[in-house]
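Printed here is run12.cif (mmCIF, N, CA and C atoms):
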```
data_final
#
loop_
_atom_site.group_PDB
_atom_site.id
_atom_site.type_symbol
_atom_site.label_atom_id
_atom_site.label_comp_id
_atom_site.auth_asym_id
_atom_site.auth_seq_id
_atom_site.Cartn_x
_atom_site.Cartn_y
_atom_site.Cartn_z
ATOM 1 N N MET P 28 241.152 -51.251 16.149
ATOM 2 C CA MET P 28 240.752 -51.061 17.528
ATOM 3 C C MET P 28 240.896 -52.351 18.334
ATOM 4 N N SER P 29 240.677 -53.490 17.674
ATOM 5 C CA SER P 29 240.799 -54.758 18.392
ATOM 6 C C SER P 29 242.248 -55.035 18.800
ATOM 7 N N TRP P 30 243.211 -54.530 18.031
ATOM 8 C CA TRP P 30 244.619 -54.701 18.395
ATOM 9 C C TRP P 30 244.940 -53.958 19.689
ATOM 10 N N LEU P 31 244.265 -52.808 19.891
ATOM 11 C CA LEU P 31 244.473 -52.039 21.110
ATOM 12 C C LEU P 31 243.949 -52.803 22.323
ATOM 13 N N ILE P 32 242.789 -53.396 22.187
ATOM 14 C CA ILE P 32 242.206 -54.189 23.275
ATOM 15 C C ILE P 32 243.107 -55.390 23.578
ATOM 16 N N ALA P 33 243.607 -56.040 22.536
ATOM 17 C CA ALA P 33 244.507 -57.185 22.725
ATOM 18 C C ALA P 33 245.791 -56.756 23.426
ATOM 19 N N ALA P 34 246.324 -55.593 23.053
ATOM 20 C CA ALA P 34 247.548 -55.085 23.675
ATOM 21 C C ALA P 34 247.322 -54.773 25.148
ATOM 22 N N ILE P 35 246.175 -54.194 25.470
ATOM 23 C CA ILE P 35 245.845 -53.877 26.861
ATOM 24 C C ILE P 35 245.695 -55.165 27.671
ATOM 25 N N ARG P 36 245.010 -56.154 27.107
ATOM 26 C CA ARG P 36 244.848 -57.438 27.802
ATOM 27 C C ARG P 36 246.201 -58.098 28.056
ATOM 28 N N TYR P 37 247.076 -58.063 27.052
ATOM 29 C CA TYR P 37 248.404 -58.653 27.192
ATOM 30 C C TYR P 37 249.196 -57.945 28.283
ATOM 31 N N THR P 38 249.122 -56.615 28.314
ATOM 32 C CA THR P 38 249.831 -55.834 29.318
ATOM 33 C C THR P 38 249.309 -56.146 30.716
ATOM 34 N N LEU P 39 248.001 -56.239 30.860
ATOM 35 C CA LEU P 39 247.415 -56.568 32.163
ATOM 36 C C LEU P 39 247.798 -57.979 32.604
ATOM 37 N N LEU P 40 247.816 -58.917 31.671
ATOM 38 C CA LEU P 40 248.221 -60.284 31.993
ATOM 39 C C LEU P 40 249.690 -60.322 32.404
ATOM 40 N N GLU P 41 250.531 -59.577 31.684
ATOM 41 C CA GLU P 41 251.954 -59.501 32.001
ATOM 42 C C GLU P 41 252.160 -58.908 33.400
ATOM 43 N N LEU P 42 251.432 -57.847 33.730
ATOM 44 C CA LEU P 42 251.510 -57.231 35.050
ATOM 45 C C LEU P 42 251.081 -58.216 36.130
ATOM 46 N N GLU P 43 249.987 -58.920 35.891
ATOM 47 C CA GLU P 43 249.482 -59.895 36.857
ATOM 48 C C GLU P 43 250.505 -61.005 37.094
ATOM 49 N N MET P 44 251.159 -61.464 36.036
ATOM 50 C CA MET P 44 252.167 -62.514 36.169
ATOM 51 C C MET P 44 253.383 -62.005 36.948
ATOM 52 N N THR P 45 253.806 -60.776 36.677
ATOM 53 C CA THR P 45 254.949 -60.198 37.386
ATOM 54 C C THR P 45 254.654 -60.075 38.872
ATOM 55 N N ILE P 46 253.501 -59.522 39.204
ATOM 56 C CA ILE P 46 253.121 -59.331 40.608
ATOM 57 C C ILE P 46 252.932 -60.680 41.289
ATOM 58 N N ASP P 47 252.361 -61.654 40.593
ATOM 59 C CA ASP P 47 252.164 -62.984 41.167
ATOM 60 C C ASP P 47 253.509 -63.643 41.462
ATOM 61 N N THR P 48 254.444 -63.555 40.520
ATOM 62 C CA THR P 48 255.781 -64.124 40.722
ATOM 63 C C THR P 48 256.479 -63.437 41.886
ATOM 64 N N PHE P 49 256.369 -62.113 41.944
ATOM 65 C CA PHE P 49 256.987 -61.344 43.023
ATOM 66 C C PHE P 49 256.400 -61.730 44.374
ATOM 67 N N SER P 50 255.083 -61.867 44.443
ATOM 68 C CA SER P 50 254.427 -62.155 45.728
ATOM 69 C C SER P 50 254.743 -63.560 46.245
ATOM 70 N N ARG P 51 255.219 -64.441 45.383
ATOM 71 C CA ARG P 51 255.593 -65.787 45.810
ATOM 72 C C ARG P 51 257.001 -65.853 46.406
ATOM 73 N N LEU P 52 257.763 -64.780 46.234
ATOM 74 C CA LEU P 52 259.110 -64.736 46.806
ATOM 75 C C LEU P 52 259.033 -64.593 48.320
ATOM 76 N N PRO P 53 260.059 -65.066 49.037
ATOM 77 C CA PRO P 53 260.103 -64.827 50.486
ATOM 78 C C PRO P 53 260.129 -63.315 50.768
ATOM 79 N N LEU P 54 259.614 -62.921 51.909
ATOM 80 C CA LEU P 54 259.511 -61.497 52.240
ATOM 81 C C LEU P 54 260.864 -60.790 52.226
ATOM 82 N N HIS P 55 261.920 -61.470 52.680
ATOM 83 C CA HIS P 55 263.225 -60.814 52.689
ATOM 84 C C HIS P 55 263.723 -60.535 51.262
ATOM 85 N N GLU P 56 263.366 -61.378 50.293
ATOM 86 C CA GLU P 56 263.755 -61.128 48.906
ATOM 87 C C GLU P 56 262.913 -60.002 48.303
ATOM 88 N N GLN P 57 261.626 -59.967 48.626
ATOM 89 C CA GLN P 57 260.769 -58.868 48.166
ATOM 90 C C GLN P 57 261.324 -57.542 48.674
ATOM 91 N N SER P 58 261.660 -57.522 49.954
ATOM 92 C CA SER P 58 262.201 -56.315 50.570
ATOM 93 C C SER P 58 263.516 -55.906 49.911
ATOM 94 N N ARG P 59 264.365 -56.885 49.605
ATOM 95 C CA ARG P 59 265.663 -56.583 48.989
ATOM 96 C C ARG P 59 265.491 -56.012 47.577
ATOM 97 N N ILE P 60 264.534 -56.506 46.810
ATOM 98 C CA ILE P 60 264.278 -55.972 45.467
ATOM 99 C C ILE P 60 263.860 -54.510 45.566
ATOM 100 N N ILE P 61 262.957 -54.207 46.481
ATOM 101 C CA ILE P 61 262.495 -52.832 46.656
ATOM 102 C C ILE P 61 263.646 -51.948 47.133
ATOM 103 N N GLU P 62 264.456 -52.457 48.049
ATOM 104 C CA GLU P 62 265.608 -51.700 48.537
ATOM 105 C C GLU P 62 266.594 -51.411 47.405
ATOM 106 N N MET P 63 266.876 -52.416 46.577
ATOM 107 C CA MET P 63 267.803 -52.233 45.466
ATOM 108 C C MET P 63 267.250 -51.234 44.450
ATOM 109 N N ALA P 64 265.940 -51.243 44.254
ATOM 110 C CA ALA P 64 265.322 -50.301 43.320
ATOM 111 C C ALA P 64 265.459 -48.865 43.831
ATOM 112 N N TRP P 65 265.386 -48.663 45.148
ATOM 113 C CA TRP P 65 265.524 -47.328 45.731
ATOM 114 C C TRP P 65 266.973 -46.842 45.716
ATOM 115 N N GLU P 66 267.934 -47.767 45.763
ATOM 116 C CA GLU P 66 269.335 -47.375 45.815
ATOM 117 C C GLU P 66 269.749 -46.696 44.507
ATOM 118 N N ASP P 67 270.420 -45.559 44.637
ATOM 119 C CA ASP P 67 270.816 -44.787 43.459
ATOM 120 C C ASP P 67 271.853 -45.502 42.606
ATOM 121 N N ARG P 68 272.759 -46.207 43.219
ATOM 122 C CA ARG P 68 273.887 -46.780 42.486
ATOM 123 C C ARG P 68 273.688 -48.234 42.051
ATOM 124 N N THR P 69 272.557 -48.819 42.368
ATOM 125 C CA THR P 69 272.305 -50.201 41.962
ATOM 126 C C THR P 69 271.559 -50.204 40.636
ATOM 127 N N PRO P 70 272.187 -50.696 39.567
ATOM 128 C CA PRO P 70 271.527 -50.682 38.260
ATOM 129 C C PRO P 70 270.412 -51.724 38.174
ATOM 130 N N PHE P 71 269.460 -51.469 37.288
ATOM 131 C CA PHE P 71 268.373 -52.419 37.075
ATOM 132 C C PHE P 71 268.918 -53.779 36.632
ATOM 133 N N GLU P 72 270.028 -53.752 35.913
ATOM 134 C CA GLU P 72 270.621 -55.002 35.438
ATOM 135 C C GLU P 72 271.069 -55.891 36.599
ATOM 136 N N ALA P 73 271.487 -55.292 37.704
ATOM 137 C CA ALA P 73 271.880 -56.076 38.886
ATOM 138 C C ALA P 73 270.664 -56.770 39.497
ATOM 139 N N ILE P 74 269.530 -56.085 39.513
ATOM 140 C CA ILE P 74 268.293 -56.688 40.034
ATOM 141 C C ILE P 74 267.872 -57.837 39.120
ATOM 142 N N GLU P 75 267.995 -57.615 37.808
ATOM 143 C CA GLU P 75 267.630 -58.667 36.861
ATOM 144 C C GLU P 75 268.557 -59.871 36.996
ATOM 145 N N LEU P 76 269.835 -59.626 37.156
ATOM 146 C CA LEU P 76 270.808 -60.710 37.292
ATOM 147 C C LEU P 76 270.552 -61.528 38.558
ATOM 148 N N GLN P 77 270.238 -60.843 39.649
ATOM 149 C CA GLN P 77 270.062 -61.519 40.928
ATOM 150 C C GLN P 77 268.684 -62.152 41.096
ATOM 151 N N PHE P 78 267.627 -61.466 40.601
ATOM 152 C CA PHE P 78 266.264 -61.935 40.875
ATOM 153 C C PHE P 78 265.451 -62.266 39.628
ATOM 154 N N GLY P 79 265.932 -61.867 38.446
ATOM 155 C CA GLY P 79 265.210 -62.187 37.212
ATOM 156 C C GLY P 79 264.129 -61.195 36.824
ATOM 157 N N PHE P 80 264.069 -60.043 37.488
ATOM 158 C CA PHE P 80 263.084 -59.016 37.152
ATOM 159 C C PHE P 80 263.792 -57.880 36.427
ATOM 160 N N GLY P 81 263.409 -57.625 35.182
ATOM 161 C CA GLY P 81 263.999 -56.542 34.404
ATOM 162 C C GLY P 81 263.454 -55.186 34.831
ATOM 163 N N GLU P 82 263.906 -54.140 34.145
ATOM 164 C CA GLU P 82 263.508 -52.774 34.514
ATOM 165 C C GLU P 82 261.992 -52.597 34.479
ATOM 166 N N LYS P 83 261.361 -53.066 33.412
ATOM 167 C CA LYS P 83 259.909 -52.907 33.283
ATOM 168 C C LYS P 83 259.178 -53.604 34.428
ATOM 169 N N ALA P 84 259.627 -54.807 34.782
ATOM 170 C CA ALA P 84 259.001 -55.553 35.876
ATOM 171 C C ALA P 84 259.230 -54.861 37.214
ATOM 172 N N VAL P 85 260.422 -54.307 37.414
ATOM 173 C CA VAL P 85 260.714 -53.595 38.670
ATOM 174 C C VAL P 85 259.810 -52.370 38.786
ATOM 175 N N ILE P 86 259.599 -51.670 37.688
ATOM 176 C CA ILE P 86 258.701 -50.507 37.703
ATOM 177 C C ILE P 86 257.297 -50.950 38.090
ATOM 178 N N GLN P 87 256.829 -52.058 37.529
ATOM 179 C CA GLN P 87 255.502 -52.577 37.864
ATOM 180 C C GLN P 87 255.418 -52.983 39.334
ATOM 181 N N ILE P 88 256.464 -53.622 39.818
ATOM 182 C CA ILE P 88 256.495 -54.038 41.229
ATOM 183 C C ILE P 88 256.447 -52.816 42.138
ATOM 184 N N MET P 89 257.257 -51.819 41.829
ATOM 185 C CA MET P 89 257.283 -50.615 42.656
ATOM 186 C C MET P 89 255.929 -49.908 42.628
ATOM 187 N N GLN P 90 255.304 -49.870 41.479
ATOM 188 C CA GLN P 90 253.986 -49.235 41.374
ATOM 189 C C GLN P 90 252.958 -49.981 42.217
ATOM 190 N N HIS P 91 253.075 -51.297 42.255
ATOM 191 C CA HIS P 91 252.139 -52.114 43.020
ATOM 192 C C HIS P 91 252.408 -52.043 44.519
ATOM 193 N N GLN P 92 253.664 -51.923 44.917
ATOM 194 C CA GLN P 92 254.043 -51.998 46.326
ATOM 195 C C GLN P 92 254.047 -50.657 47.053
ATOM 196 N N LEU P 93 254.280 -49.563 46.327
ATOM 197 C CA LEU P 93 254.401 -48.248 46.967
ATOM 198 C C LEU P 93 253.100 -47.475 46.911
ATOM 199 N N LYS P 94 252.962 -46.526 47.819
ATOM 200 C CA LYS P 94 251.861 -45.578 47.740
ATOM 201 C C LYS P 94 252.080 -44.721 46.495
ATOM 202 N N LEU P 95 251.023 -44.120 45.980
ATOM 203 C CA LEU P 95 251.099 -43.362 44.733
ATOM 204 C C LEU P 95 252.144 -42.251 44.799
ATOM 205 N N ALA P 96 252.149 -41.482 45.881
ATOM 206 C CA ALA P 96 253.114 -40.374 45.999
ATOM 207 C C ALA P 96 254.546 -40.903 46.069
ATOM 208 N N SER P 97 254.757 -42.003 46.783
ATOM 209 C CA SER P 97 256.090 -42.599 46.880
ATOM 210 C C SER P 97 256.544 -43.127 45.529
ATOM 211 N N PHE P 98 255.629 -43.741 44.788
ATOM 212 C CA PHE P 98 255.971 -44.244 43.456
ATOM 213 C C PHE P 98 256.354 -43.095 42.527
ATOM 214 N N ARG P 99 255.598 -42.020 42.574
ATOM 215 C CA ARG P 99 255.926 -40.856 41.725
ATOM 216 C C ARG P 99 257.297 -40.287 42.087
ATOM 217 N N ASN P 100 257.580 -40.173 43.371
ATOM 218 C CA ASN P 100 258.902 -39.694 43.810
ATOM 219 C C ASN P 100 260.012 -40.611 43.315
ATOM 220 N N TRP P 101 259.785 -41.901 43.407
ATOM 221 C CA TRP P 101 260.789 -42.861 42.955
ATOM 222 C C TRP P 101 261.008 -42.753 41.449
ATOM 223 N N ARG P 102 259.924 -42.625 40.685
ATOM 224 C CA ARG P 102 260.054 -42.526 39.225
ATOM 225 C C ARG P 102 260.820 -41.267 38.829
ATOM 226 N N VAL P 103 260.532 -40.160 39.495
ATOM 227 C CA VAL P 103 261.273 -38.916 39.214
ATOM 228 C C VAL P 103 262.747 -39.130 39.533
ATOM 229 N N ARG P 104 263.007 -39.823 40.607
ATOM 230 C CA ARG P 104 264.383 -40.043 41.059
ATOM 231 C C ARG P 104 265.182 -40.928 40.107
ATOM 232 N N VAL P 105 264.575 -41.997 39.593
ATOM 233 C CA VAL P 105 265.335 -42.941 38.763
ATOM 234 C C VAL P 105 265.280 -42.650 37.271
ATOM 235 N N ARG P 106 264.307 -41.867 36.830
ATOM 236 C CA ARG P 106 264.174 -41.596 35.392
ATOM 237 C C ARG P 106 265.397 -40.838 34.899
ATOM 238 N N GLY P 107 266.082 -41.414 33.960
ATOM 239 C CA GLY P 107 267.228 -40.750 33.357
ATOM 240 C C GLY P 107 268.495 -40.780 34.191
ATOM 241 N N ARG P 108 268.470 -41.443 35.330
ATOM 242 C CA ARG P 108 269.652 -41.500 36.197
ATOM 243 C C ARG P 108 270.654 -42.478 35.590
ATOM 244 N N SER P 109 271.836 -41.986 35.300
ATOM 245 C CA SER P 109 272.833 -42.819 34.622
ATOM 246 C C SER P 109 273.308 -43.986 35.479
ATOM 247 N N THR P 110 273.257 -43.854 36.790
ATOM 248 C CA THR P 110 273.741 -44.934 37.653
ATOM 249 C C THR P 110 272.769 -46.106 37.723
ATOM 250 N N LYS P 111 271.520 -45.930 37.279
ATOM 251 C CA LYS P 111 270.552 -47.015 37.309
ATOM 252 C C LYS P 111 270.626 -47.889 36.055
ATOM 253 N N HIS P 112 271.474 -47.518 35.099
ATOM 254 C CA HIS P 112 271.605 -48.271 33.854
ATOM 255 C C HIS P 112 273.079 -48.516 33.574
ATOM 256 N N THR P 113 273.460 -49.759 33.468
ATOM 257 C CA THR P 113 274.853 -50.107 33.240
ATOM 258 C C THR P 113 275.381 -49.489 31.954
ATOM 259 N N ALA P 114 274.560 -49.407 30.919
ATOM 260 C CA ALA P 114 274.997 -48.876 29.624
ATOM 261 C C ALA P 114 275.373 -47.395 29.709
ATOM 262 N N PHE P 115 274.758 -46.643 30.612
ATOM 263 C CA PHE P 115 275.017 -45.204 30.732
ATOM 264 C C PHE P 115 276.088 -44.882 31.763
ATOM 265 N N ARG P 116 276.558 -45.879 32.475
ATOM 266 C CA ARG P 116 277.530 -45.673 33.550
ATOM 267 C C ARG P 116 278.917 -45.373 33.030
ATOM 268 N N ASP P 117 279.663 -44.679 33.828
ATOM 269 C CA ASP P 117 281.078 -44.470 33.547
ATOM 270 C C ASP P 117 281.753 -45.844 33.618
ATOM 271 N N PRO P 118 282.509 -46.243 32.597
ATOM 272 C CA PRO P 118 283.112 -47.578 32.602
ATOM 273 C C PRO P 118 284.104 -47.805 33.747
ATOM 274 N N ASN P 119 284.569 -46.731 34.379
ATOM 275 C CA ASN P 119 285.495 -46.868 35.506
ATOM 276 C C ASN P 119 284.798 -47.282 36.796
ATOM 277 N N VAL P 120 283.467 -47.161 36.843
ATOM 278 C CA VAL P 120 282.711 -47.541 38.038
ATOM 279 C C VAL P 120 282.384 -49.026 37.937
ATOM 280 N N LEU P 121 283.027 -49.808 38.760
ATOM 281 C CA LEU P 121 282.841 -51.258 38.723
ATOM 282 C C LEU P 121 282.015 -51.760 39.896
ATOM 283 N N ARG P 122 281.736 -50.894 40.855
ATOM 284 C CA ARG P 122 280.993 -51.308 42.036
ATOM 285 C C ARG P 122 279.566 -50.777 41.948
ATOM 286 N N GLY P 123 278.682 -51.353 42.747
ATOM 287 C CA GLY P 123 277.292 -50.943 42.761
ATOM 288 C C GLY P 123 276.925 -50.112 43.970
ATOM 289 N N TYR P 124 277.912 -49.664 44.725
ATOM 290 C CA TYR P 124 277.625 -48.879 45.916
ATOM 291 C C TYR P 124 278.763 -47.911 46.176
ATOM 292 N N CYS P 125 278.497 -46.934 46.990
ATOM 293 C CA CYS P 125 279.502 -45.940 47.367
ATOM 294 C C CYS P 125 280.543 -46.586 48.273
ATOM 295 N N LYS P 126 281.798 -46.159 48.160
ATOM 296 C CA LYS P 126 282.883 -46.738 48.969
ATOM 297 C C LYS P 126 282.599 -46.646 50.462
ATOM 298 N N THR P 127 281.934 -45.580 50.885
ATOM 299 C CA THR P 127 281.685 -45.378 52.314
ATOM 300 C C THR P 127 280.297 -45.843 52.763
ATOM 301 N N GLN P 128 279.549 -46.448 51.875
ATOM 302 C CA GLN P 128 278.163 -46.802 52.184
ATOM 303 C C GLN P 128 278.045 -47.778 53.344
ATOM 304 N N TYR P 129 278.904 -48.771 53.407
ATOM 305 C CA TYR P 129 278.766 -49.806 54.418
ATOM 306 C C TYR P 129 279.783 -49.706 55.547
ATOM 307 N N LYS P 130 280.487 -48.591 55.631
ATOM 308 C CA LYS P 130 281.468 -48.419 56.696
ATOM 309 C C LYS P 130 280.792 -47.883 57.948
ATOM 310 N N ILE P 131 281.188 -48.407 59.077
ATOM 311 C CA ILE P 131 280.662 -47.925 60.350
ATOM 312 C C ILE P 131 281.454 -46.676 60.720
ATOM 313 N N ARG P 132 280.749 -45.612 61.002
ATOM 314 C CA ARG P 132 281.409 -44.364 61.330
ATOM 315 C C ARG P 132 281.216 -44.042 62.805
ATOM 316 N N GLN P 133 282.212 -43.430 63.382
ATOM 317 C CA GLN P 133 282.121 -42.970 64.765
ATOM 318 C C GLN P 133 281.718 -41.501 64.738
ATOM 319 N N ASN P 134 280.450 -41.225 64.869
ATOM 320 C CA ASN P 134 279.942 -39.862 64.792
ATOM 321 C C ASN P 134 279.791 -39.219 66.170
ATOM 322 N N LYS P 135 280.254 -39.876 67.191
ATOM 323 C CA LYS P 135 280.109 -39.339 68.546
ATOM 324 C C LYS P 135 281.103 -38.232 68.783
ATOM 325 N N LYS P 136 280.651 -37.233 69.515
ATOM 326 C CA LYS P 136 281.563 -36.161 69.931
ATOM 327 C C LYS P 136 282.352 -36.633 71.140
ATOM 328 N N ARG P 137 283.610 -36.324 71.180
ATOM 329 C CA ARG P 137 284.442 -36.759 72.318
ATOM 330 C C ARG P 137 284.805 -35.611 73.187
#
```
Same coordinates, now as structure tokens:
Amino acid sequence: MSWLIAAIRYTLLELEMTIDTFSRLPLHEQSRIIEMAWEDRTPFEAIELQFGFGEKAVIQIMQHQLKLASFRNWRVRVRGRSTKHTAFRDPNVLRGYCKTQYKIRQNKKR
């Protein structure tokens, strides 16, 4: 039973350290991490490479930053999604975003 208490304490300490490290980042970087986590085609490995937060840490950050309903929606959305994990991705996909994602479109009727 004492091992369970030790494991819980370690997990809580790990969570506190992750949130503390995250909260020390500039606001624009915090916002970018959350944005990348919401993006369907951005793998967790890209967030880890750019900011040093792995999948587990990103999940903790999202849980801390989002409302409960938003966090649940996000977890349902990313759980098992092959595009969020480089190992499960089609090897032909070399980009982290859709080809048309950043293109300006003229949607006006003429």
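A straight line drawn from atom CA of Ala96 of chain P to atom CA of Arg108 of chain P is 19.3 Å long.
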Write out as a PyMOL selection string which residues come within 6.5 Å of segment 75-87 of chain P when counting all atoms listed in the file, dropping same-chain ones fewer than 5 positions away. chain P and resi 45+70+92
I'd like to know which residues of segment 70-105 of chain P are helix (DSSP H, G or I) (by DSSP, run on the backbone); could you write them as an MDAnalysis selection string? chainID P and resid 71:78 82:92 95:105
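The gap separating atom CA of Ile88 of chain P from atom CA of Leu52 of chain P is 12.3 Å, in Å to one decimal.
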Padding 5 Å on each side, edges along x, y and z: where is the centre of the box around the listed atoms of segment 62-76 of chain P, and how long are its edges in Å to one decimal? Output it as JSON.
```
{"center_x": 269.2, "center_y": -53.2, "center_z": 42.0, "size_x": 19.4, "size_y": 26.7, "size_z": 23.1}
```
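Atom pair atom CA of Met44 of chain P / atom CA of Gly107 of chain P has a distance of 26.6 Å (rounded to one decimal).
In terms of minimum interatomic distance to Asp47 of chain P, P:His91 ranks closest within P:His91, P:Phe98, P:Val105, P:Arg68, counting only C-alpha atoms.
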